[in-house]
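Just run00.pdb here, PDB, C-alpha atoms:
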```
MODEL        1
ATOM      1  CA  MET A 230     101.203  68.982 -51.264
ATOM      2  CA  LYS A 231      98.697  71.769 -50.721
ATOM      3  CA  ILE A 232      97.832  72.378 -47.081
ATOM      4  CA  TYR A 233      94.652  74.082 -45.910
ATOM      5  CA  ILE A 234      93.094  75.064 -42.616
ATOM      6  CA  CYS A 235      89.456  74.319 -41.811
ATOM      7  CA  THR A 236      87.419  77.288 -40.629
ATOM      8  CA  ILE A 237      85.536  74.853 -38.371
ATOM      9  CA  SER A 238      88.673  74.843 -36.209
ATOM     10  CA  PHE A 239      87.818  78.437 -35.265
ATOM     11  CA  ARG A 240      84.074  77.989 -34.805
ATOM     12  CA  HIS A 241      84.226  79.025 -31.124
ATOM     13  CA  HIS A 242      86.512  82.021 -31.667
ATOM     14  CA  LEU A 243      85.553  85.680 -32.031
ATOM     15  CA  LEU A 244      87.525  86.140 -35.223
ATOM     16  CA  SER A 245      86.932  88.014 -38.483
ATOM     17  CA  LEU A 246      87.518  86.504 -41.919
ATOM     18  CA  GLU A 247      90.207  89.123 -42.572
ATOM     19  CA  GLU A 248      92.112  88.092 -39.449
ATOM     20  CA  LEU A 249      91.914  84.404 -40.322
ATOM     21  CA  VAL A 250      92.967  84.945 -43.925
ATOM     22  CA  SER A 251      95.883  87.213 -42.972
ATOM     23  CA  TRP A 252      97.121  84.647 -40.463
ATOM     24  CA  ALA A 253      96.756  81.717 -42.888
ATOM     25  CA  ALA A 254      98.676  83.554 -45.604
ATOM     26  CA  ALA A 255     101.469  84.580 -43.226
ATOM     27  CA  THR A 256     101.734  81.053 -41.799
ATOM     28  CA  GLY A 257     102.277  79.309 -45.135
ATOM     29  CA  PHE A 258      98.920  77.710 -45.829
ATOM     30  CA  ASP A 259      97.567  77.427 -49.356
ATOM     31  CA  GLY A 260      94.013  78.329 -48.422
ATOM     32  CA  ILE A 261      90.996  77.773 -46.225
ATOM     33  CA  GLU A 262      88.378  75.062 -46.313
ATOM     34  CA  LEU A 263      85.084  76.790 -45.571
ATOM     35  CA  TRP A 264      82.643  75.173 -43.173
ATOM     36  CA  GLY A 265      79.119  75.299 -44.611
ATOM     37  CA  ALA A 266      77.799  77.326 -41.659
ATOM     38  CA  HIS A 267      80.496  79.938 -42.267
ATOM     39  CA  ALA A 268      79.853  80.033 -46.013
ATOM     40  CA  ARG A 269      76.149  80.659 -45.367
ATOM     41  CA  ASN A 270      76.888  83.452 -42.907
ATOM     42  CA  LEU A 271      79.082  85.165 -45.498
ATOM     43  CA  VAL A 272      76.287  85.301 -48.049
ATOM     44  CA  GLN A 273      75.870  89.087 -47.644
ATOM     45  CA  ASP A 274      79.627  89.679 -47.636
ATOM     46  CA  HIS A 275      81.235  91.324 -50.676
ATOM     47  CA  ARG A 276      84.400  89.214 -50.695
ATOM     48  CA  ASP A 277      84.983  86.292 -53.034
ATOM     49  CA  ALA A 278      87.656  84.116 -54.661
ATOM     50  CA  ARG A 279      89.340  87.114 -56.293
ATOM     51  CA  TRP A 280      89.745  88.831 -52.940
ATOM     52  CA  LEU A 281      91.170  85.648 -51.461
ATOM     53  CA  ALA A 282      93.557  85.234 -54.406
ATOM     54  CA  GLY A 283      94.939  88.651 -53.513
ATOM     55  CA  HIS A 284      96.259  86.955 -50.384
ATOM     56  CA  ALA A 285      97.619  84.024 -52.458
ATOM     57  CA  LEU A 286      94.977  81.741 -50.947
ATOM     58  CA  GLU A 287      92.112  79.634 -52.283
ATOM     59  CA  VAL A 288      89.056  77.724 -51.067
ATOM     60  CA  PRO A 289      89.422  74.100 -52.190
ATOM     61  CA  MET A 290      86.196  72.798 -50.661
ATOM     62  CA  ILE A 291      83.064  73.725 -48.733
ATOM     63  CA  SER A 292      82.248  71.192 -46.021
ATOM     64  CA  ASP A 293      78.574  70.826 -45.232
ATOM     65  CA  TYR A 294      75.860  68.268 -44.456
ATOM     66  CA  LEU A 295      73.281  67.692 -47.171
ATOM     67  CA  PRO A 296      69.780  66.493 -46.152
ATOM     68  CA  LEU A 297      70.138  63.464 -48.408
ATOM     69  CA  ASP A 298      67.013  61.727 -47.150
ATOM     70  CA  ASP A 299      64.755  64.752 -47.691
ATOM     71  CA  PRO A 300      64.092  65.326 -51.420
ATOM     72  CA  LEU A 301      62.155  68.545 -50.765
ATOM     73  CA  GLN A 302      65.093  70.206 -48.994
ATOM     74  CA  LEU A 303      67.952  68.571 -50.848
ATOM     75  CA  GLU A 304      67.788  70.478 -54.115
ATOM     76  CA  ALA A 305      67.471  73.905 -52.479
ATOM     77  CA  HIS A 306      70.325  73.136 -50.095
ATOM     78  CA  ALA A 307      72.511  71.845 -52.929
ATOM     79  CA  LEU A 308      71.849  74.911 -55.065
ATOM     80  CA  HIS A 309      72.835  77.208 -52.189
ATOM     81  CA  LEU A 310      76.114  75.282 -51.975
ATOM     82  CA  VAL A 311      76.611  75.575 -55.727
ATOM     83  CA  HIS A 312      76.295  79.343 -55.381
ATOM     84  CA  ALA A 313      78.753  79.451 -52.467
ATOM     85  CA  ALA A 314      81.250  77.157 -54.207
ATOM     86  CA  THR A 315      81.104  79.234 -57.383
ATOM     87  CA  ARG A 316      81.608  82.466 -55.470
ATOM     88  CA  TRP A 317      84.650  81.154 -53.617
ATOM     89  CA  GLY A 318      86.100  79.184 -56.520
ATOM     90  CA  ALA A 319      85.763  75.865 -54.687
ATOM     91  CA  GLY A 320      85.601  72.813 -56.907
ATOM     92  CA  LYS A 321      84.319  70.443 -54.217
ATOM     93  CA  VAL A 322      81.522  70.146 -51.678
ATOM     94  CA  ARG A 323      81.761  67.635 -48.845
ATOM     95  CA  THR A 324      78.887  65.890 -47.113
ATOM     96  CA  PHE A 325      78.293  63.027 -44.698
ATOM     97  CA  ALA A 326      76.542  59.972 -46.127
ATOM     98  CA  GLY A 327      73.611  59.950 -43.738
ATOM     99  CA  ARG A 328      73.502  59.971 -39.947
ATOM    100  CA  THR A 329      73.675  56.275 -39.036
ATOM    101  CA  SER A 330      76.328  53.617 -39.496
ATOM    102  CA  ASN A 331      76.306  51.248 -42.428
ATOM    103  CA  LYS A 332      75.164  48.304 -40.283
ATOM    104  CA  GLU A 333      72.470  50.284 -38.479
ATOM    105  CA  THR A 334      70.896  51.766 -41.609
ATOM    106  CA  SER A 335      67.782  50.023 -42.881
ATOM    107  CA  SER A 336      67.481  49.003 -46.513
ATOM    108  CA  GLU A 337      64.824  51.653 -47.081
ATOM    109  CA  ALA A 338      66.888  54.403 -45.467
ATOM    110  CA  ARG A 339      69.938  53.365 -47.482
ATOM    111  CA  LYS A 340      67.985  53.597 -50.735
ATOM    112  CA  ALA A 341      66.919  57.121 -49.803
ATOM    113  CA  ILE A 342      70.486  58.224 -49.060
ATOM    114  CA  VAL A 343      71.853  56.635 -52.239
ATOM    115  CA  ALA A 344      69.109  58.339 -54.246
ATOM    116  CA  GLY A 345      69.947  61.637 -52.528
ATOM    117  CA  LEU A 346      73.642  61.301 -53.303
ATOM    118  CA  SER A 347      72.840  60.478 -56.913
ATOM    119  CA  ARG A 348      70.591  63.524 -57.245
ATOM    120  CA  ALA A 349      73.080  65.826 -55.530
ATOM    121  CA  ALA A 350      75.962  64.492 -57.640
ATOM    122  CA  ARG A 351      74.010  65.358 -60.801
ATOM    123  CA  ILE A 352      73.305  68.876 -59.521
ATOM    124  CA  PHE A 353      76.963  69.535 -58.721
ATOM    125  CA  ASP A 354      78.186  67.853 -61.891
ATOM    126  CA  ASN A 355      76.026  70.172 -63.975
ATOM    127  CA  GLU A 356      78.001  73.063 -62.477
ATOM    128  CA  GLY A 357      81.404  71.416 -62.909
ATOM    129  CA  LEU A 358      81.707  70.570 -59.204
ATOM    130  CA  SER A 359      82.448  67.379 -57.292
ATOM    131  CA  LEU A 360      80.472  66.005 -54.358
ATOM    132  CA  LEU A 361      82.580  64.206 -51.760
ATOM    133  CA  VAL A 362      81.440  61.784 -49.071
ATOM    134  CA  GLU A 363      83.663  61.711 -46.021
ATOM    135  CA  THR A 364      84.912  58.476 -44.479
ATOM    136  CA  HIS A 365      83.322  58.903 -41.076
ATOM    137  CA  PRO A 366      81.752  56.745 -38.349
ATOM    138  CA  GLY A 367      77.989  56.918 -38.022
ATOM    139  CA  THR A 368      77.532  57.197 -41.797
ATOM    140  CA  LEU A 369      77.288  54.892 -44.810
ATOM    141  CA  ALA A 370      81.009  55.525 -45.411
ATOM    142  CA  ASP A 371      82.231  54.273 -42.039
ATOM    143  CA  SER A 372      84.826  51.786 -43.359
ATOM    144  CA  LEU A 373      86.765  50.924 -46.487
ATOM    145  CA  ALA A 374      84.258  48.246 -47.519
ATOM    146  CA  ALA A 375      81.258  50.477 -46.827
ATOM    147  CA  THR A 376      82.752  53.437 -48.702
ATOM    148  CA  SER A 377      83.674  51.309 -51.717
ATOM    149  CA  ALA A 378      80.182  49.800 -51.822
ATOM    150  CA  LEU A 379      78.506  53.206 -51.516
ATOM    151  CA  VAL A 380      80.554  54.790 -54.306
ATOM    152  CA  ALA A 381      79.844  51.814 -56.564
ATOM    153  CA  GLU A 382      76.136  51.941 -55.782
ATOM    154  CA  VAL A 383      75.789  55.654 -56.539
ATOM    155  CA  ASP A 384      77.967  55.153 -59.626
ATOM    156  CA  HIS A 385      78.385  58.781 -60.664
ATOM    157  CA  PRO A 386      81.693  60.323 -61.817
ATOM    158  CA  ALA A 387      81.083  63.500 -59.817
ATOM    159  CA  LEU A 388      80.974  61.544 -56.549
ATOM    160  CA  GLY A 389      84.330  61.370 -54.814
ATOM    161  CA  VAL A 390      85.782  60.686 -51.381
ATOM    162  CA  ASN A 391      87.088  62.981 -48.680
ATOM    163  CA  PHE A 392      89.631  60.612 -47.142
ATOM    164  CA  ASP A 393      89.857  60.823 -43.348
ATOM    165  CA  ALA A 394      92.586  58.360 -42.391
ATOM    166  CA  ILE A 395      91.962  58.429 -38.649
ATOM    167  CA  HIS A 396      88.359  57.301 -39.070
ATOM    168  CA  LEU A 397      89.317  54.410 -41.337
ATOM    169  CA  TRP A 398      91.936  53.428 -38.767
ATOM    170  CA  GLU A 399      89.154  53.667 -36.187
ATOM    171  CA  ALA A 400      87.125  51.203 -38.295
ATOM    172  CA  GLY A 401      90.004  48.713 -38.217
ATOM    173  CA  ASP A 402      91.192  49.361 -41.771
ATOM    174  CA  ASP A 403      94.771  50.010 -42.842
ATOM    175  CA  PRO A 404      94.630  53.626 -44.110
ATOM    176  CA  LEU A 405      97.563  53.100 -46.468
ATOM    177  CA  GLU A 406      95.839  50.142 -48.152
ATOM    178  CA  ALA A 407      92.496  51.965 -48.083
ATOM    179  CA  HIS A 408      94.098  54.927 -49.811
ATOM    180  CA  ARG A 409      95.515  52.697 -52.524
ATOM    181  CA  LEU A 410      92.120  51.099 -53.180
ATOM    182  CA  LEU A 411      90.098  54.311 -53.033
ATOM    183  CA  ALA A 412      92.683  56.444 -54.869
ATOM    184  CA  PRO A 413      90.649  56.832 -58.099
ATOM    185  CA  ARG A 414      87.893  58.503 -56.078
ATOM    186  CA  ILE A 415      89.899  60.439 -53.466
ATOM    187  CA  ARG A 416      89.798  64.172 -54.101
ATOM    188  CA  HIS A 417      90.607  65.597 -50.682
ATOM    189  CA  HIS A 418      92.040  64.554 -47.296
ATOM    190  CA  HIS A 419      91.288  65.447 -43.684
ATOM    191  CA  LEU A 420      94.149  64.943 -41.235
ATOM    192  CA  LYS A 421      93.890  64.762 -37.433
ATOM    193  CA  ASN A 422      95.113  62.516 -34.616
ATOM    194  CA  VAL A 423      94.553  61.294 -31.061
ATOM    195  CA  ALA A 424      96.887  60.321 -28.246
ATOM    196  CA  ARG A 425      95.397  56.830 -27.865
ATOM    197  CA  ARG A 426      92.912  54.705 -29.775
ATOM    198  CA  SER A 427      90.634  54.909 -26.735
ATOM    199  CA  ASP A 428      90.415  58.687 -27.303
ATOM    200  CA  LEU A 429      88.651  58.364 -30.671
ATOM    201  CA  PRO A 430      85.156  59.013 -29.219
ATOM    202  CA  VAL A 431      86.268  62.615 -28.682
ATOM    203  CA  PHE A 432      85.360  63.209 -32.363
ATOM    204  CA  ALA A 433      81.719  62.171 -31.902
ATOM    205  CA  PRO A 434      79.610  65.029 -33.369
ATOM    206  CA  ASP A 435      77.624  65.603 -30.169
ATOM    207  CA  ASN A 436      80.895  66.218 -28.347
ATOM    208  CA  ILE A 437      83.126  67.893 -30.892
ATOM    209  CA  TYR A 438      80.598  70.535 -32.003
ATOM    210  CA  ASN A 439      79.808  71.413 -28.384
ATOM    211  CA  ALA A 440      81.764  74.429 -27.148
ATOM    212  CA  ALA A 441      81.885  72.803 -23.715
ATOM    213  CA  GLY A 442      82.723  69.348 -25.054
ATOM    214  CA  CYS A 443      85.707  67.275 -23.993
ATOM    215  CA  ARG A 444      88.953  67.855 -25.921
ATOM    216  CA  ARG A 445      91.072  65.322 -24.035
ATOM    217  CA  GLY A 446      93.195  63.167 -26.329
ATOM    218  CA  ILE A 447      93.294  65.504 -29.342
ATOM    219  CA  VAL A 448      96.967  65.959 -30.224
ATOM    220  CA  PRO A 449      99.125  67.445 -33.002
ATOM    221  CA  LEU A 450      99.177  65.411 -36.194
ATOM    222  CA  LEU A 451     102.569  63.750 -35.832
ATOM    223  CA  GLU A 452     102.365  63.104 -32.096
ATOM    224  CA  GLY A 453      99.388  60.755 -31.995
ATOM    225  CA  ALA A 454      98.683  57.046 -31.876
ATOM    226  CA  TYR A 455      98.265  56.731 -35.627
ATOM    227  CA  ASP A 456     101.590  57.016 -37.459
ATOM    228  CA  TYR A 457     100.927  59.246 -40.475
ATOM    229  CA  ARG A 458     104.412  59.051 -41.971
ATOM    230  CA  PRO A 459     103.843  56.078 -44.320
ATOM    231  CA  LEU A 460     100.675  57.687 -45.683
ATOM    232  CA  LEU A 461     102.394  61.047 -45.998
ATOM    233  CA  GLY A 462     105.085  59.334 -48.046
ATOM    234  CA  THR A 463     102.373  58.435 -50.557
ATOM    235  CA  LEU A 464     100.710  61.856 -50.492
ATOM    236  CA  ALA A 465     104.004  63.715 -50.854
ATOM    237  CA  ARG A 466     104.514  62.305 -54.352
ATOM    238  CA  ASP A 467     101.716  64.580 -55.606
ATOM    239  CA  GLN A 468     102.554  68.284 -55.325
ATOM    240  CA  GLU A 469      98.891  69.180 -55.835
ATOM    241  CA  CYS A 470      97.626  66.709 -53.215
ATOM    242  CA  PRO A 471      95.009  68.622 -51.136
ATOM    243  CA  VAL A 472      95.017  68.085 -47.372
ATOM    244  CA  SER A 473      93.149  69.993 -44.674
ATOM    245  CA  LEU A 474      94.355  70.028 -41.082
ATOM    246  CA  GLU A 475      91.213  69.413 -39.057
ATOM    247  CA  TRP A 476      92.083  70.630 -35.580
ATOM    248  CA  PHE A 477      89.401  70.582 -32.878
ATOM    249  CA  GLY A 478      91.582  71.190 -29.838
ATOM    250  CA  ARG A 479      92.687  74.298 -28.025
ATOM    251  CA  ASP A 480      95.222  76.890 -29.211
ATOM    252  CA  PRO A 481      94.554  76.340 -32.937
ATOM    253  CA  PHE A 482      96.895  79.105 -34.097
ATOM    254  CA  HIS A 483      99.947  77.556 -32.482
ATOM    255  CA  VAL A 484      99.123  73.909 -33.210
ATOM    256  CA  LEU A 485      98.103  74.426 -36.834
ATOM    257  CA  ALA A 486     101.148  76.581 -37.574
ATOM    258  CA  GLU A 487     103.454  73.938 -36.133
ATOM    259  CA  ASP A 488     101.668  71.070 -37.921
ATOM    260  CA  CYS A 489     101.929  72.961 -41.218
ATOM    261  CA  ARG A 490     105.636  73.608 -40.671
ATOM    262  CA  ARG A 491     106.328  69.953 -39.864
ATOM    263  CA  LEU A 492     104.303  68.715 -42.834
ATOM    264  CA  ARG A 493     106.262  70.986 -45.171
ATOM    265  CA  GLU A 494     109.487  69.777 -43.591
ATOM    266  CA  ILE A 495     108.832  66.061 -44.031
ATOM    267  CA  THR A 496     107.008  66.136 -47.382
ATOM    268  CA  GLY A 497     108.934  68.851 -49.218
ATOM    269  CA  PRO A 498     111.347  68.133 -52.107
ATOM    270  CA  ALA A 499     114.405  68.009 -49.863
ATOM    271  CA  ALA A 500     112.762  65.453 -47.605
ATOM    272  CA  GLN A 501     112.059  63.060 -50.455
ATOM    273  CA  THR A 502     115.697  61.937 -50.514
ATOM    274  CA  GLU A 503     115.034  60.186 -47.190
ATOM    275  CA  PRO A 504     112.334  57.578 -46.567
ATOM    276  CA  LEU A 505     109.416  58.872 -44.516
ATOM    277  CA  HIS A 506     108.567  55.483 -43.085
ATOM    278  CA  HIS A 507     109.770  54.404 -39.708
ATOM    279  CA  PRO A 508     108.585  51.546 -37.499
ATOM    280  CA  LEU A 509     105.120  52.174 -36.120
ATOM    281  CA  ARG A 510     105.008  53.451 -32.600
ATOM    282  CA  GLN A 511     102.960  51.498 -30.095
ATOM    283  CA  GLN A 512      99.305  52.291 -30.750
ATOM    284  CA  ALA A 513      97.743  52.231 -27.316
TER     285      ALA A 513
ENDMDL
END
```
Starting from the file, lay out its structure as structure tokens.
Amino acid sequence: MKIYICTISFRHHLLSLEELVSWAAATGFDGIELWGAHARNLVQDHRDARWLAGHALEVPMISDYLPLDDPLQLEAHALHLVHAATRWGAGKVRTFAGRTSNKETSSEARKAIVAGLSRAARIFDNEGLSLLVETHPGTLADSLAATSALVAEVDHPALGVNFDAIHLWEAGDDPLEAHRLLAPRIRHHHLKNVARRSDLPVFAPDNIYNAAGCRRGIVPLLEGAYDYRPLLGTLARDQECPVSLEWFGRDPFHVLAEDCRRLREITGPAAQTEPLHHPLRQQA
């Protein structure tokens, strides 16, 4: 398993790229997932994938938000991401599939988003890159059924899935079964957790991107209401499996370091002699 940090976890910190990279390398991460806003603000910077490789790190993915329903802006935005991905050696770009839930999206709006995903997938495919839609509430990929339908409708080999288990659990799906069904299209994973199911609204964009937003209920990965161990048992079978720890709470250095250590401990080769599954804790 390859474990990455998300630079979005440090979006409210006064921190240089050198400091973040040095810490990630010393802590045992395999690289950093660049938030689109950070990638854009590094456009004048001289560093690139070769510099990062000198720290034994890589950028697996750039996470951004394509204007899928605006053809005039979409191509320019996508080409900027192609440039950033090429510079940092990232093979994937993540986007949200629109800004409204599957049920709340009109037929006309859905056609526009599908057309935008198709166009963007062709642009990235031409450069040898993948475009990933994230399983996320408030988008056209807000459940297993919705994500499967969207991928089938776009029907392009460059379109994949960034699998966020907690949001599929939020939708009422079984993440383990969802992972099995979506596996041919899954190319990255976001991992996070909450203390109780009732805490899930903490991840609403209007709250989580707000520096003064509520952080109550965000907990370390293996201490939350969703039991990750069965899913981790599946992921651990692939040594190249890419996962990013998406931490939005306080004290990211301590929490992310500890989550990385525990993930290595329970998914490493030595751990595979023991089953990772244990009875689900009560999911309040």
Using all atoms listed in the file: which of A:Val472, A:Ala394, A:Pro449, A:Arg425 has the shortest distance to Ala486 of chain A: A:Pro449
Interatomic distance, atom CA of Leu244 of chain A to atom CA of Trp264 of chain A (Å, one decimal): 14.4 Å
Atom CA of Glu247 of chain A to atom CA of Pro481 of chain A: how many Å, to one decimal? 16.6 Å
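A straight line drawn from atom CA of Arg269 of chain A to atom CA of Ala441 of chain A is 23.7 Å long.
Of the listed residues A:Thr364, A:Ile437, A:Asp277, A:Val383, the one whose atoms come nearest to Ala407 of chain A is A:Thr364, with distances taken using all atoms listed in the file.
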Residues in the PyMOL selection byres ((chain A and resi 262) around 12), expressed as an MDAnalysis selection string: chainID A and resid 231:239 249:250 253 258:261 263:268 286:293 314 317:323 417:419 471:475
Could you please take those selected residues and save C-alpha atoms as a PDB file, in the coordinates of the input?
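Here's the written file part_36.pdb:
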```
ATOM      1  CA  LYS A 231      98.697  71.769 -50.721  1.00  0.00           C
ATOM      2  CA  ILE A 232      97.832  72.378 -47.081  1.00  0.00           C
ATOM      3  CA  TYR A 233      94.652  74.082 -45.910  1.00  0.00           C
ATOM      4  CA  ILE A 234      93.094  75.064 -42.616  1.00  0.00           C
ATOM      5  CA  CYS A 235      89.456  74.319 -41.811  1.00  0.00           C
ATOM      6  CA  THR A 236      87.419  77.288 -40.629  1.00  0.00           C
ATOM      7  CA  ILE A 237      85.536  74.853 -38.371  1.00  0.00           C
ATOM      8  CA  SER A 238      88.673  74.843 -36.209  1.00  0.00           C
ATOM      9  CA  PHE A 239      87.818  78.437 -35.265  1.00  0.00           C
ATOM     10  CA  LEU A 249      91.914  84.404 -40.322  1.00  0.00           C
ATOM     11  CA  VAL A 250      92.967  84.945 -43.925  1.00  0.00           C
ATOM     12  CA  ALA A 253      96.756  81.717 -42.888  1.00  0.00           C
ATOM     13  CA  PHE A 258      98.920  77.710 -45.829  1.00  0.00           C
ATOM     14  CA  ASP A 259      97.567  77.427 -49.356  1.00  0.00           C
ATOM     15  CA  GLY A 260      94.013  78.329 -48.422  1.00  0.00           C
ATOM     16  CA  ILE A 261      90.996  77.773 -46.225  1.00  0.00           C
ATOM     17  CA  LEU A 263      85.084  76.790 -45.571  1.00  0.00           C
ATOM     18  CA  TRP A 264      82.643  75.173 -43.173  1.00  0.00           C
ATOM     19  CA  GLY A 265      79.119  75.299 -44.611  1.00  0.00           C
ATOM     20  CA  ALA A 266      77.799  77.326 -41.659  1.00  0.00           C
ATOM     21  CA  HIS A 267      80.496  79.938 -42.267  1.00  0.00           C
ATOM     22  CA  ALA A 268      79.853  80.033 -46.013  1.00  0.00           C
ATOM     23  CA  LEU A 286      94.977  81.741 -50.947  1.00  0.00           C
ATOM     24  CA  GLU A 287      92.112  79.634 -52.283  1.00  0.00           C
ATOM     25  CA  VAL A 288      89.056  77.724 -51.067  1.00  0.00           C
ATOM     26  CA  PRO A 289      89.422  74.100 -52.190  1.00  0.00           C
ATOM     27  CA  MET A 290      86.196  72.798 -50.661  1.00  0.00           C
ATOM     28  CA  ILE A 291      83.064  73.725 -48.733  1.00  0.00           C
ATOM     29  CA  SER A 292      82.248  71.192 -46.021  1.00  0.00           C
ATOM     30  CA  ASP A 293      78.574  70.826 -45.232  1.00  0.00           C
ATOM     31  CA  ALA A 314      81.250  77.157 -54.207  1.00  0.00           C
ATOM     32  CA  TRP A 317      84.650  81.154 -53.617  1.00  0.00           C
ATOM     33  CA  GLY A 318      86.100  79.184 -56.520  1.00  0.00           C
ATOM     34  CA  ALA A 319      85.763  75.865 -54.687  1.00  0.00           C
ATOM     35  CA  GLY A 320      85.601  72.813 -56.907  1.00  0.00           C
ATOM     36  CA  LYS A 321      84.319  70.443 -54.217  1.00  0.00           C
ATOM     37  CA  VAL A 322      81.522  70.146 -51.678  1.00  0.00           C
ATOM     38  CA  ARG A 323      81.761  67.635 -48.845  1.00  0.00           C
ATOM     39  CA  HIS A 417      90.607  65.597 -50.682  1.00  0.00           C
ATOM     40  CA  HIS A 418      92.040  64.554 -47.296  1.00  0.00           C
ATOM     41  CA  HIS A 419      91.288  65.447 -43.684  1.00  0.00           C
ATOM     42  CA  PRO A 471      95.009  68.622 -51.136  1.00  0.00           C
ATOM     43  CA  VAL A 472      95.017  68.085 -47.372  1.00  0.00           C
ATOM     44  CA  SER A 473      93.149  69.993 -44.674  1.00  0.00           C
ATOM     45  CA  LEU A 474      94.355  70.028 -41.082  1.00  0.00           C
ATOM     46  CA  GLU A 475      91.213  69.413 -39.057  1.00  0.00           C
TER      47      GLU A 475
END
```
Reference answer for the PyMOL selection byres ((chain A and resi 349) around 8), as a VMD selection string: chain A and resid 303 to 304 307 345 to 348 350 to 353 360
Residues from last step as file, C-alpha atoms, as a PDB file, in the coordinates of the input:
```
ATOM      1  CA  LEU A 303      67.952  68.571 -50.848  1.00  0.00           C
ATOM      2  CA  GLU A 304      67.788  70.478 -54.115  1.00  0.00           C
ATOM      3  CA  ALA A 307      72.511  71.845 -52.929  1.00  0.00           C
ATOM      4  CA  GLY A 345      69.947  61.637 -52.528  1.00  0.00           C
ATOM      5  CA  LEU A 346      73.642  61.301 -53.303  1.00  0.00           C
ATOM      6  CA  SER A 347      72.840  60.478 -56.913  1.00  0.00           C
ATOM      7  CA  ARG A 348      70.591  63.524 -57.245  1.00  0.00           C
ATOM      8  CA  ALA A 350      75.962  64.492 -57.640  1.00  0.00           C
ATOM      9  CA  ARG A 351      74.010  65.358 -60.801  1.00  0.00           C
ATOM     10  CA  ILE A 352      73.305  68.876 -59.521  1.00  0.00           C
ATOM     11  CA  PHE A 353      76.963  69.535 -58.721  1.00  0.00           C
ATOM     12  CA  LEU A 360      80.472  66.005 -54.358  1.00  0.00           C
TER      13      LEU A 360
END
```
I'd like the neighbourhood of Arg491 of chain A as a ChimeraX atom specification, where a residue qualifies if any of its atoms comes within 10 Å (using all atoms listed in the file), though same-chain residues fewer than 5 positions away should be ignored. /A:450-451,485-486,496-497
Let me know the residues the PyMOL selection byres ((chain A and resi 339-342) around 9) catches in the file above, as an MDAnalysis selection string. chainID A and resid 296:300 326:327 331 334:338 343:347 369
Would you compute the box with edges along x, y and z of the file around segment 410-425 of chain A, including every atom the file lists for it and 5 Å extra on each side, and give its centre and edge lengths in Å to one decimal, as AutoDock Vina command-line options?
```
--center_x 92.4 --center_y 58.3 --center_z -43.0 --size_x 19.0 --size_y 24.5 --size_z 40.2
```
Go through A:Leu271, A:Leu310, A:Leu461, A:Ala378 one by one, measure the shortest atom-to-atom distance of each to Glu494 of chain A using only C-alpha atoms, and give the residue with the smallest value.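 Looking at the shortest contact to Glu494 of chain A, the residue is A:Leu461.
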Would you please work out which residue, of A:Asp480, A:Asp428, A:Asp393, A:Asp488, is nearest to Leu460 of chain A when using all atoms listed in the file?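 With all atoms listed in the file as the atom set, the closest residue is A:Asp393.
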For His483 of chain A, the closest of A:Thr324, A:Thr256, A:Asn439, A:Val431 counting all atoms listed in the file is A:Thr256
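Ranking A:Leu492, A:Leu379, A:Ala433, A:Ala400 by their shortest atom-to-atom distance to Leu420 of chain A, with only C-alpha atoms included, puts A:Leu492 first.
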Leaving out His408 of chain A and any residue of its chain fewer than 5 positions from it, which residues lie within 10 Å of it when counting only C-alpha atoms, given as a VMD selection string? chain A and resid 373 392 to 394 397 403 413 to 415 460 463 to 464
Output for the residues just chosen: C-alpha atoms as a CSV table (one decimal), in the frame of the given file:
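Listing of out-v4.csv after writing:
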```csv
chain,number,residue,atom,x,y,z
A,373,LEU,CA,86.8,50.9,-46.5
A,392,PHE,CA,89.6,60.6,-47.1
A,393,ASP,CA,89.9,60.8,-43.3
A,394,ALA,CA,92.6,58.4,-42.4
A,397,LEU,CA,89.3,54.4,-41.3
A,403,ASP,CA,94.8,50.0,-42.8
A,413,PRO,CA,90.6,56.8,-58.1
A,414,ARG,CA,87.9,58.5,-56.1
A,415,ILE,CA,89.9,60.4,-53.5
A,460,LEU,CA,100.7,57.7,-45.7
A,463,THR,CA,102.4,58.4,-50.6
A,464,LEU,CA,100.7,61.9,-50.5
```
